[in-house]
file model.csv (CSV, C-alpha atoms and all ligand atoms)
chain,number,residue,atom,x,y,z
F,1,MET,CA,4.3,-21.6,-29.2
F,2,LEU,CA,5.5,-20.5,-25.7
F,3,LEU,CA,4.0,-23.3,-23.8
F,4,GLU,CA,2.3,-26.5,-25.0
F,5,LEU,CA,0.8,-29.2,-22.9
F,6,THR,CA,-0.4,-32.4,-24.6
F,7,GLY,CA,-2.2,-35.4,-23.1
F,8,ILE,CA,-1.4,-34.4,-19.5
F,9,LYS,CA,-2.5,-36.7,-16.7
F,10,LYS,CA,-2.3,-35.8,-13.0
F,11,SER,CA,-3.6,-37.8,-10.1
F,12,PHE,CA,-3.4,-37.4,-6.3
F,13,LYS,CA,-3.7,-40.1,-3.7
F,14,ASN,CA,-7.0,-39.9,-2.0
F,15,GLY,CA,-7.1,-42.3,1.0
F,16,THR,CA,-6.0,-45.7,-0.5
F,17,ARG,CA,-6.6,-44.9,-4.1
F,18,TYR,CA,-5.5,-42.5,-6.8
F,19,GLU,CA,-7.9,-40.0,-8.1
F,20,ASN,CA,-7.4,-38.5,-11.6
F,21,ILE,CA,-7.6,-34.7,-11.5
F,22,LEU,CA,-6.4,-33.9,-15.0
F,23,GLU,CA,-6.7,-36.4,-17.8
F,24,ASP,CA,-5.6,-36.1,-21.4
F,25,LEU,CA,-5.4,-32.3,-21.1
F,26,ASP,CA,-4.2,-30.2,-23.9
F,27,PHE,CA,-3.3,-26.5,-23.7
F,28,LYS,CA,-1.5,-24.1,-25.9
F,29,VAL,CA,-0.2,-20.7,-24.9
F,30,SER,CA,1.4,-18.2,-27.3
F,31,LYS,CA,3.8,-15.5,-26.2
F,32,GLY,CA,1.9,-12.4,-25.0
F,33,ASP,CA,-1.4,-14.2,-24.5
F,34,SER,CA,-3.6,-13.3,-21.6
F,35,ILE,CA,-5.7,-16.3,-20.5
F,36,ALA,CA,-8.3,-16.8,-17.8
F,37,ILE,CA,-9.0,-20.2,-16.4
F,38,LYS,CA,-12.3,-20.8,-14.7
F,39,GLY,CA,-13.9,-23.8,-13.2
F,40,LYS,CA,-15.7,-25.3,-10.2
F,41,SER,CA,-14.0,-25.4,-6.9
F,42,GLY,CA,-11.7,-28.4,-6.6
F,43,CYS,CA,-11.7,-29.2,-10.4
F,44,GLY,CA,-7.9,-28.8,-10.6
F,45,LYS,CA,-7.2,-25.2,-11.6
F,46,SER,CA,-4.4,-24.7,-9.1
F,47,THR,CA,-3.0,-28.1,-10.0
F,48,LEU,CA,-2.8,-27.0,-13.6
F,49,LEU,CA,-1.1,-23.7,-12.6
F,50,ASN,CA,1.4,-25.6,-10.5
F,51,ILE,CA,2.2,-27.8,-13.5
F,52,LEU,CA,2.7,-24.8,-15.8
F,53,GLY,CA,4.9,-23.2,-13.1
F,54,GLY,CA,7.1,-26.3,-12.9
F,55,LEU,CA,6.2,-26.8,-9.2
F,56,ILE,CA,4.6,-30.3,-9.5
F,57,SER,CA,5.1,-33.2,-11.8
F,58,PHE,CA,2.6,-35.1,-13.9
F,59,GLU,CA,2.4,-38.8,-14.8
F,60,LYS,CA,1.6,-38.7,-18.5
F,61,GLY,CA,1.9,-36.3,-21.4
F,62,ASP,CA,4.3,-33.7,-22.7
F,63,MET,CA,5.2,-30.1,-21.8
F,64,LEU,CA,7.0,-28.0,-24.3
F,65,PHE,CA,8.5,-24.6,-23.6
F,66,ASN,CA,9.5,-22.6,-26.7
F,67,GLY,CA,9.4,-25.9,-28.7
F,68,THR,CA,11.6,-27.9,-26.3
F,69,ASN,CA,10.2,-30.8,-24.5
F,70,ILE,CA,10.8,-30.2,-20.8
F,71,SER,CA,8.7,-33.1,-19.4
F,72,ASN,CA,11.7,-35.0,-18.2
F,73,HIS,CA,13.5,-32.1,-16.4
F,74,ASN,CA,15.2,-33.0,-13.2
F,75,ALA,CA,14.6,-31.0,-10.0
F,76,ASN,CA,17.5,-28.6,-10.7
F,77,GLU,CA,16.3,-28.0,-14.3
F,78,TRP,CA,12.8,-27.3,-13.0
F,79,ALA,CA,14.2,-24.8,-10.4
F,80,GLU,CA,16.1,-23.1,-13.2
F,81,TYR,CA,12.9,-23.0,-15.4
F,82,ARG,CA,11.0,-21.3,-12.6
F,83,LYS,CA,13.8,-18.9,-11.8
F,84,LYS,CA,14.2,-17.8,-15.4
F,85,ASN,CA,10.6,-17.7,-16.6
F,86,ILE,CA,7.9,-17.9,-14.0
F,87,ALA,CA,6.3,-15.4,-11.7
F,88,PHE,CA,3.7,-16.7,-9.3
F,89,VAL,CA,1.0,-14.5,-7.6
F,90,THR,CA,-1.3,-16.3,-5.2
F,91,GLN,CA,-4.0,-15.0,-2.9
F,92,ALA,CA,-2.1,-16.3,0.1
F,93,PHE,CA,0.5,-13.5,-0.5
F,94,ASN,CA,3.4,-15.4,1.0
F,95,LEU,CA,5.1,-12.2,2.0
F,96,LEU,CA,7.6,-12.0,4.9
F,97,ASP,CA,5.6,-10.1,7.5
F,98,ASP,CA,8.6,-9.1,9.6
F,99,ARG,CA,10.4,-7.3,6.6
F,100,ASN,CA,9.6,-4.1,4.9
F,101,VAL,CA,8.2,-3.7,1.4
F,102,PHE,CA,11.6,-3.0,-0.3
F,103,ASP,CA,13.1,-6.1,1.3
F,104,ASN,CA,10.2,-8.4,0.3
F,105,ILE,CA,10.5,-7.3,-3.4
F,106,ALA,CA,14.3,-7.4,-3.4
F,107,LEU,CA,14.3,-11.0,-2.2
F,108,PRO,CA,14.1,-12.9,-5.5
F,109,LEU,CA,16.9,-10.7,-6.9
F,110,GLN,CA,19.1,-11.3,-3.9
F,111,TYR,CA,18.8,-15.1,-4.5
F,112,SER,CA,20.3,-14.5,-8.0
F,113,ASN,CA,23.4,-12.7,-6.5
F,114,MET,CA,22.6,-9.4,-8.3
F,115,PRO,CA,24.8,-6.4,-7.3
F,116,LYS,CA,23.1,-4.2,-4.7
F,117,GLN,CA,22.9,-1.1,-6.8
F,118,GLN,CA,21.2,-3.0,-9.6
F,119,ILE,CA,18.7,-4.5,-7.1
F,120,LYS,CA,17.9,-1.0,-5.8
F,121,THR,CA,17.2,0.3,-9.3
F,122,LYS,CA,15.0,-2.6,-10.3
F,123,VAL,CA,13.0,-2.6,-7.0
F,124,GLU,CA,12.5,1.1,-7.2
F,125,LYS,CA,11.2,0.9,-10.7
F,126,VAL,CA,8.7,-1.8,-9.9
F,127,LEU,CA,7.6,0.1,-6.8
F,128,HIS,CA,7.0,3.1,-8.9
F,129,ASP,CA,5.2,1.2,-11.6
F,130,LEU,CA,2.8,-0.4,-9.1
F,131,GLU,CA,2.3,2.9,-7.2
F,132,ILE,CA,3.6,1.6,-3.9
F,133,TYR,CA,6.9,3.6,-3.9
F,134,HIS,CA,5.6,5.6,-0.9
F,135,ALA,CA,5.3,2.4,1.2
F,136,MET,CA,8.8,1.2,0.5
F,137,LYS,CA,10.0,1.3,4.1
F,138,ARG,CA,6.8,0.1,5.7
F,139,ASN,CA,6.6,-3.3,7.3
F,140,VAL,CA,4.2,-5.5,5.1
F,141,SER,CA,2.2,-6.5,8.2
F,142,THR,CA,0.9,-2.9,8.4
F,143,LEU,CA,-0.4,-2.7,4.8
F,144,SER,CA,-3.9,-3.1,3.5
F,145,GLY,CA,-5.0,-6.1,1.5
F,146,GLY,CA,-4.7,-4.3,-1.8
F,147,GLU,CA,-1.3,-2.9,-0.9
F,148,ARG,CA,-0.1,-6.4,0.1
F,149,GLN,CA,-1.4,-7.8,-3.2
F,150,ARG,CA,0.5,-5.1,-5.1
F,151,VAL,CA,3.7,-6.0,-3.1
F,152,ALA,CA,3.1,-9.6,-4.0
F,153,ILE,CA,2.8,-8.7,-7.7
F,154,ALA,CA,5.8,-6.5,-7.5
F,155,ARG,CA,7.9,-9.3,-6.0
F,156,ALA,CA,6.6,-11.7,-8.7
F,157,ILE,CA,7.5,-9.4,-11.6
F,158,VAL,CA,10.7,-7.8,-10.4
F,159,LYS,CA,12.7,-10.6,-12.1
F,160,GLU,CA,11.0,-9.7,-15.4
F,161,PRO,CA,9.8,-13.2,-16.1
F,162,SER,CA,8.1,-14.1,-19.3
F,163,ILE,CA,5.0,-15.8,-17.7
F,164,LEU,CA,2.9,-14.6,-14.8
F,165,LEU,CA,0.8,-17.2,-13.2
F,166,ALA,CA,-1.9,-15.8,-10.9
F,167,ASP,CA,-4.2,-17.9,-8.6
F,168,GLU,CA,-7.3,-15.9,-7.7
F,169,PRO,CA,-5.3,-12.7,-7.5
F,170,THR,CA,-8.3,-10.5,-6.6
F,171,GLY,CA,-10.2,-13.0,-4.5
F,172,SER,CA,-10.2,-11.0,-1.2
F,173,LEU,CA,-10.1,-7.5,-2.6
F,174,ASP,CA,-12.8,-4.8,-2.8
F,175,GLU,CA,-14.0,-3.6,-6.2
F,176,GLU,CA,-11.8,-0.5,-6.3
F,177,THR,CA,-8.6,-2.4,-5.4
F,178,GLU,CA,-9.5,-5.1,-7.8
F,179,LYS,CA,-9.7,-2.5,-10.6
F,180,SER,CA,-6.2,-1.2,-9.7
F,181,ILE,CA,-4.8,-4.8,-9.9
F,182,LEU,CA,-6.6,-5.3,-13.2
F,183,ARG,CA,-4.9,-2.1,-14.5
F,184,ILE,CA,-1.6,-3.5,-13.5
F,185,PHE,CA,-2.3,-6.8,-15.3
F,186,ASP,CA,-3.3,-4.8,-18.4
F,187,ASP,CA,0.0,-2.9,-18.3
F,188,LEU,CA,2.0,-6.1,-17.9
F,189,HIS,CA,0.2,-7.6,-20.8
F,190,ASP,CA,0.8,-4.4,-22.9
F,191,LYS,CA,4.5,-4.8,-22.1
F,192,GLY,CA,4.4,-8.3,-23.6
F,193,MET,CA,4.1,-10.5,-20.5
F,194,THR,CA,2.1,-13.7,-20.9
F,195,LEU,CA,-0.6,-13.9,-18.2
F,196,ILE,CA,-2.4,-17.0,-17.1
F,197,ILE,CA,-5.0,-16.2,-14.4
F,198,VAL,CA,-7.2,-18.6,-12.4
F,199,THR,CA,-10.3,-16.7,-11.4
F,200,HIS,CA,-13.9,-17.1,-10.5
F,201,ASP,CA,-14.5,-13.5,-11.1
F,202,ASP,CA,-16.1,-12.4,-14.5
F,203,SER,CA,-14.6,-8.9,-14.3
F,204,VAL,CA,-11.2,-10.5,-14.2
F,205,SER,CA,-11.8,-13.0,-17.0
F,206,SER,CA,-13.4,-10.4,-19.3
F,207,HIS,CA,-10.0,-8.6,-19.1
F,208,CYS,CA,-8.3,-11.6,-20.8
F,209,GLN,CA,-8.1,-12.4,-24.5
F,210,HIS,CA,-8.9,-16.0,-24.0
F,211,ILE,CA,-11.2,-17.8,-21.5
F,212,TYR,CA,-11.0,-21.5,-20.8
F,213,GLU,CA,-13.1,-23.6,-18.4
F,214,LEU,CA,-11.5,-26.6,-16.7
F,215,GLN,CA,-14.3,-29.2,-16.7
F,216,HIS,CA,-14.3,-33.0,-16.8
F,217,LYS,CA,-10.5,-33.0,-16.2
F,218,LYS,CA,-9.8,-31.1,-19.4
F,219,LEU,CA,-9.6,-27.5,-20.6
F,220,ASN,CA,-12.4,-26.3,-22.8
F,221,TYR,CA,-12.2,-23.1,-24.8
F,222,VAL,CA,-15.0,-20.7,-23.8
F,223,ASN,CA,-14.3,-17.7,-26.0
F,224,SER,CA,-11.9,-15.0,-27.1
G,301,LIG,N1,-1.1,-32.3,-2.8
G,301,LIG,C1,-2.3,-32.9,-3.0
G,301,LIG,N2,-2.6,-34.1,-2.4
G,301,LIG,C2,-3.8,-34.7,-2.6
G,301,LIG,N3,-4.8,-34.1,-3.2
G,301,LIG,C3,-4.6,-32.9,-3.7
G,301,LIG,C4,-3.4,-32.2,-3.6
G,301,LIG,N4,-3.5,-31.0,-4.3
G,301,LIG,C5,-4.8,-30.9,-4.7
G,301,LIG,N5,-5.5,-32.1,-4.4
G,301,LIG,C6,-6.9,-32.4,-4.8
G,301,LIG,O1,-7.0,-32.2,-6.2
G,301,LIG,C7,-8.2,-31.6,-6.5
G,301,LIG,C8,-8.0,-30.3,-7.3
G,301,LIG,O2,-7.4,-29.3,-6.4
G,301,LIG,P1,-7.0,-27.9,-6.9
G,301,LIG,O3,-6.5,-27.1,-5.8
G,301,LIG,O4,-6.2,-28.0,-8.1
G,301,LIG,O5,-8.5,-27.3,-7.3
G,301,LIG,P2,-9.0,-25.9,-7.7
G,301,LIG,O6,-9.8,-26.0,-8.9
G,301,LIG,O7,-7.8,-24.9,-7.7
G,301,LIG,O8,-9.9,-25.5,-6.5
G,301,LIG,P3,-10.3,-24.1,-5.8
G,301,LIG,O9,-11.1,-23.4,-6.9
G,301,LIG,O10,-11.2,-24.5,-4.7
G,301,LIG,O11,-9.1,-23.5,-5.3
G,301,LIG,C9,-8.9,-31.4,-5.2
G,301,LIG,O12,-9.8,-32.5,-5.0
G,301,LIG,C10,-7.8,-31.4,-4.1
G,301,LIG,O13,-8.3,-31.9,-2.9
call {"tool": "encode", "arguments": {"input": "model.csv", "output": "structure tokens", "more": "lines below"}}
Ligand SMILES: Nc1ncnc2c1ncn2[C@@H]1O[C@H](COP(=O)(O)OP(=O)(O)OP(=O)(O)O)[C@@H](O)[C@H]1O
result
Amino acid sequence: MLLELTGIKKSFKNGTRYENILEDLDFKVSKGDSIAIKGKSGCGKSTLLNILGGLISFEKGDMLFNGTNISNHNANEWAEYRKKNIAFVTQAFNLLDDRNVFDNIALPLQYSNMPKQQIKTKVEKVLHDLEIYHAMKRNVSTLSGGERQRVAIARAIVKEPSILLADEPTGSLDEETEKSILRIFDDLHDKGMTLIIVTHDDSVSSHCQHIYELQHKKLNYVNS
């Protein structure tokens, strides 16, 4: 099993009291799975994704990665876990608007002190794969929504992580652009990447092997 959550509890402070968002939640992810997570607004989908991505802690339960219990990782170990294994794609893009496409995608590799020539090779490959090579020198603020989303995906996957976590990745895109993003996800899945996608969109979830619904603070299996 690539990832395994058992008995996860997560609460947030709401005014003076704590409100449980996830309770006794179990989840198993095998290497190469593609999984959609659906659920009503505010039910805790992004919270779950953030736990899987090692961005936030939880109060109870265990999280195993490749069979090793990582629940008690310290901040440095979580940072390492994210760096090595996790790609995040959100709807908010989080791109640096004052830089060009190449620089935005190169950023995560520069953090890892990779030699310049190797960075160039890797960035150019992903630009080519996602069909945004032509826009390499353009400032990201001048791109369309679909182009920006492809840059965000390129930046997420350039490190070749094992798990892609996507939070409403097609939320603001038109049908045609959404289709091109889904084709990219299909390709990544075919190459063996594990995909976990939070989505309200049936055309996105129907692309996934497994569909779960987050309801009553737990994940329920819908179908495969
Ligand atoms: N850092 C935080 N502090 C306090 N409450 C939070 C925090 N993060 C999330 N919440 C609350 O936890 C609940 C779940 O939020 P979450 O963003 O996980 O839901 P969601 O299912 O992703 O929602 P949506 O579909 O609307 O994006 C919400 O009630 C939210 O207000």
call {"tool": "residues_around", "arguments": {"input": "model.csv", "residues": "F:Ile70", "least_positions_apart": "5", "cutoff": "12 Å", "atoms": "only C-alpha atoms", "output": "number ranges by chain"}}
result
F: 3-5, 51-54, 57-58, 61-65, 75, 77-78, 80-81
call {"tool": "write_last_selection", "arguments": {"input": "model.csv", "atoms": "C-alpha atoms", "output": "mmCIF file, keeping the file's coordinate frame"}}
result
data_model
loop_
_atom_site.group_PDB
_atom_site.id
_atom_site.type_symbol
_atom_site.label_atom_id
_atom_site.label_comp_id
_atom_site.auth_asym_id
_atom_site.auth_seq_id
_atom_site.Cartn_x
_atom_site.Cartn_y
_atom_site.Cartn_z
ATOM 1 C CA LEU F 3 4.000 -23.300 -23.800
ATOM 2 C CA GLU F 4 2.300 -26.500 -25.000
ATOM 3 C CA LEU F 5 0.800 -29.200 -22.900
ATOM 4 C CA ILE F 51 2.200 -27.800 -13.500
ATOM 5 C CA LEU F 52 2.700 -24.800 -15.800
ATOM 6 C CA GLY F 53 4.900 -23.200 -13.100
ATOM 7 C CA GLY F 54 7.100 -26.300 -12.900
ATOM 8 C CA SER F 57 5.100 -33.200 -11.800
ATOM 9 C CA PHE F 58 2.600 -35.100 -13.900
ATOM 10 C CA GLY F 61 1.900 -36.300 -21.400
ATOM 11 C CA ASP F 62 4.300 -33.700 -22.700
ATOM 12 C CA MET F 63 5.200 -30.100 -21.800
ATOM 13 C CA LEU F 64 7.000 -28.000 -24.300
ATOM 14 C CA PHE F 65 8.500 -24.600 -23.600
ATOM 15 C CA ALA F 75 14.600 -31.000 -10.000
ATOM 16 C CA GLU F 77 16.300 -28.000 -14.300
ATOM 17 C CA TRP F 78 12.800 -27.300 -13.000
ATOM 18 C CA GLU F 80 16.100 -23.100 -13.200
ATOM 19 C CA TYR F 81 12.900 -23.000 -15.400
#
call {"tool": "closest_residue", "arguments": {"input": "model.csv", "among": "F:Ser46, F:Gln110, F:Ser34, F:Asn223", "to": "ligand LIG 301 (chain G)", "atoms": "all atoms listed in the file"}}
result
F:Ser46
call {"tool": "closest_residue", "arguments": {"input": "model.csv", "among": "F:Ser11, F:Thr6, F:Gln117, F:Gln209", "to": "ligand LIG 301 (chain G)", "atoms": "only C-alpha atoms and all ligand atoms"}}
result
F:Ser11
call {"tool": "residues_near_point", "arguments": {"input": "model.csv", "point": "(-17.9, -27.2, -8.4)", "cutoff": "12 Å", "atoms": "all atoms listed in the file", "output": "JSON, numbers by chain"}}
result
{"F": [38, 39, 40, 41, 42, 43, 44, 45, 200, 213, 214, 215, 216]}
call {"tool": "write_last_selection", "arguments": {"input": "model.csv", "atoms": "C-alpha atoms", "output": "mmCIF file, in the coordinates of the input"}}
result
data_model
loop_
_atom_site.group_PDB
_atom_site.id
_atom_site.type_symbol
_atom_site.label_atom_id
_atom_site.label_comp_id
_atom_site.auth_asym_id
_atom_site.auth_seq_id
_atom_site.Cartn_x
_atom_site.Cartn_y
_atom_site.Cartn_z
ATOM 1 C CA LYS F 38 -12.300 -20.800 -14.700
ATOM 2 C CA GLY F 39 -13.900 -23.800 -13.200
ATOM 3 C CA LYS F 40 -15.700 -25.300 -10.200
ATOM 4 C CA SER F 41 -14.000 -25.400 -6.900
ATOM 5 C CA GLY F 42 -11.700 -28.400 -6.600
ATOM 6 C CA CYS F 43 -11.700 -29.200 -10.400
ATOM 7 C CA GLY F 44 -7.900 -28.800 -10.600
ATOM 8 C CA LYS F 45 -7.200 -25.200 -11.600
ATOM 9 C CA HIS F 200 -13.900 -17.100 -10.500
ATOM 10 C CA GLU F 213 -13.100 -23.600 -18.400
ATOM 11 C CA LEU F 214 -11.500 -26.600 -16.700
ATOM 12 C CA GLN F 215 -14.300 -29.200 -16.700
ATOM 13 C CA HIS F 216 -14.300 -33.000 -16.800
#
call {"tool": "closest_residue", "arguments": {"input": "model.csv", "among": "F:Arg155, F:Lys10, F:Lys83, F:Lys125", "to": "F:Ala106", "atoms": "all atoms listed in the file"}}
result
F:Arg155
call {"tool": "closest_residue", "arguments": {"input": "model.csv", "among": "F:Thr68, F:Ser162, F:Thr16, F:Thr121", "to": "ligand LIG 301 (chain G)", "atoms": "all atoms listed in the file"}}
result
F:Thr16
call {"tool": "residues_around", "arguments": {"input": "model.csv", "residues": "F:Glu175", "least_positions_apart": "3", "cutoff": "12 Å", "atoms": "all atoms listed in the file", "output": "PyMOL selection string"}}
result
chain F and resi 146+170-172+178-182+201+203-204
call {"tool": "write_last_selection", "arguments": {"input": "model.csv", "atoms": "C-alpha atoms", "output": "compact mmCIF listing (two decimals), in the coordinates of the input"}}
result
# COMPACT_ATOMS: atom_id res chain seq x y z
CA GLY F 146 -4.70 -4.30 -1.80
CA THR F 170 -8.30 -10.50 -6.60
CA GLY F 171 -10.20 -13.00 -4.50
CA SER F 172 -10.20 -11.00 -1.20
CA GLU F 178 -9.50 -5.10 -7.80
CA LYS F 179 -9.70 -2.50 -10.60
CA SER F 180 -6.20 -1.20 -9.70
CA ILE F 181 -4.80 -4.80 -9.90
CA LEU F 182 -6.60 -5.30 -13.20
CA ASP F 201 -14.50 -13.50 -11.10
CA SER F 203 -14.60 -8.90 -14.30
CA VAL F 204 -11.20 -10.50 -14.20
call {"tool": "atom_distance", "arguments": {"input": "model.csv", "atom1": "atom O7 of ligand LIG 301 (chain G)", "atom2": "atom CA of F:Gly32"}}
result
23.4 Å
call {"tool": "closest_residue", "arguments": {"input": "model.csv", "among": "F:Leu48, F:Ala152, F:Met114, F:Ala166", "to": "F:Asp97", "atoms": "only C-alpha atoms"}}
result
F:Ala152
call {"tool": "atom_distance", "arguments": {"input": "model.csv", "atom1": "atom CA of F:Tyr133", "atom2": "atom CA of F:Tyr111"}}
result
22.2 Å
call {"tool": "closest_residue", "arguments": {"input": "model.csv", "among": "F:Val151, F:Leu164, F:Leu130, F:Ile21", "to": "F:Thr47", "atoms": "only C-alpha atoms"}}
result
F:Ile21
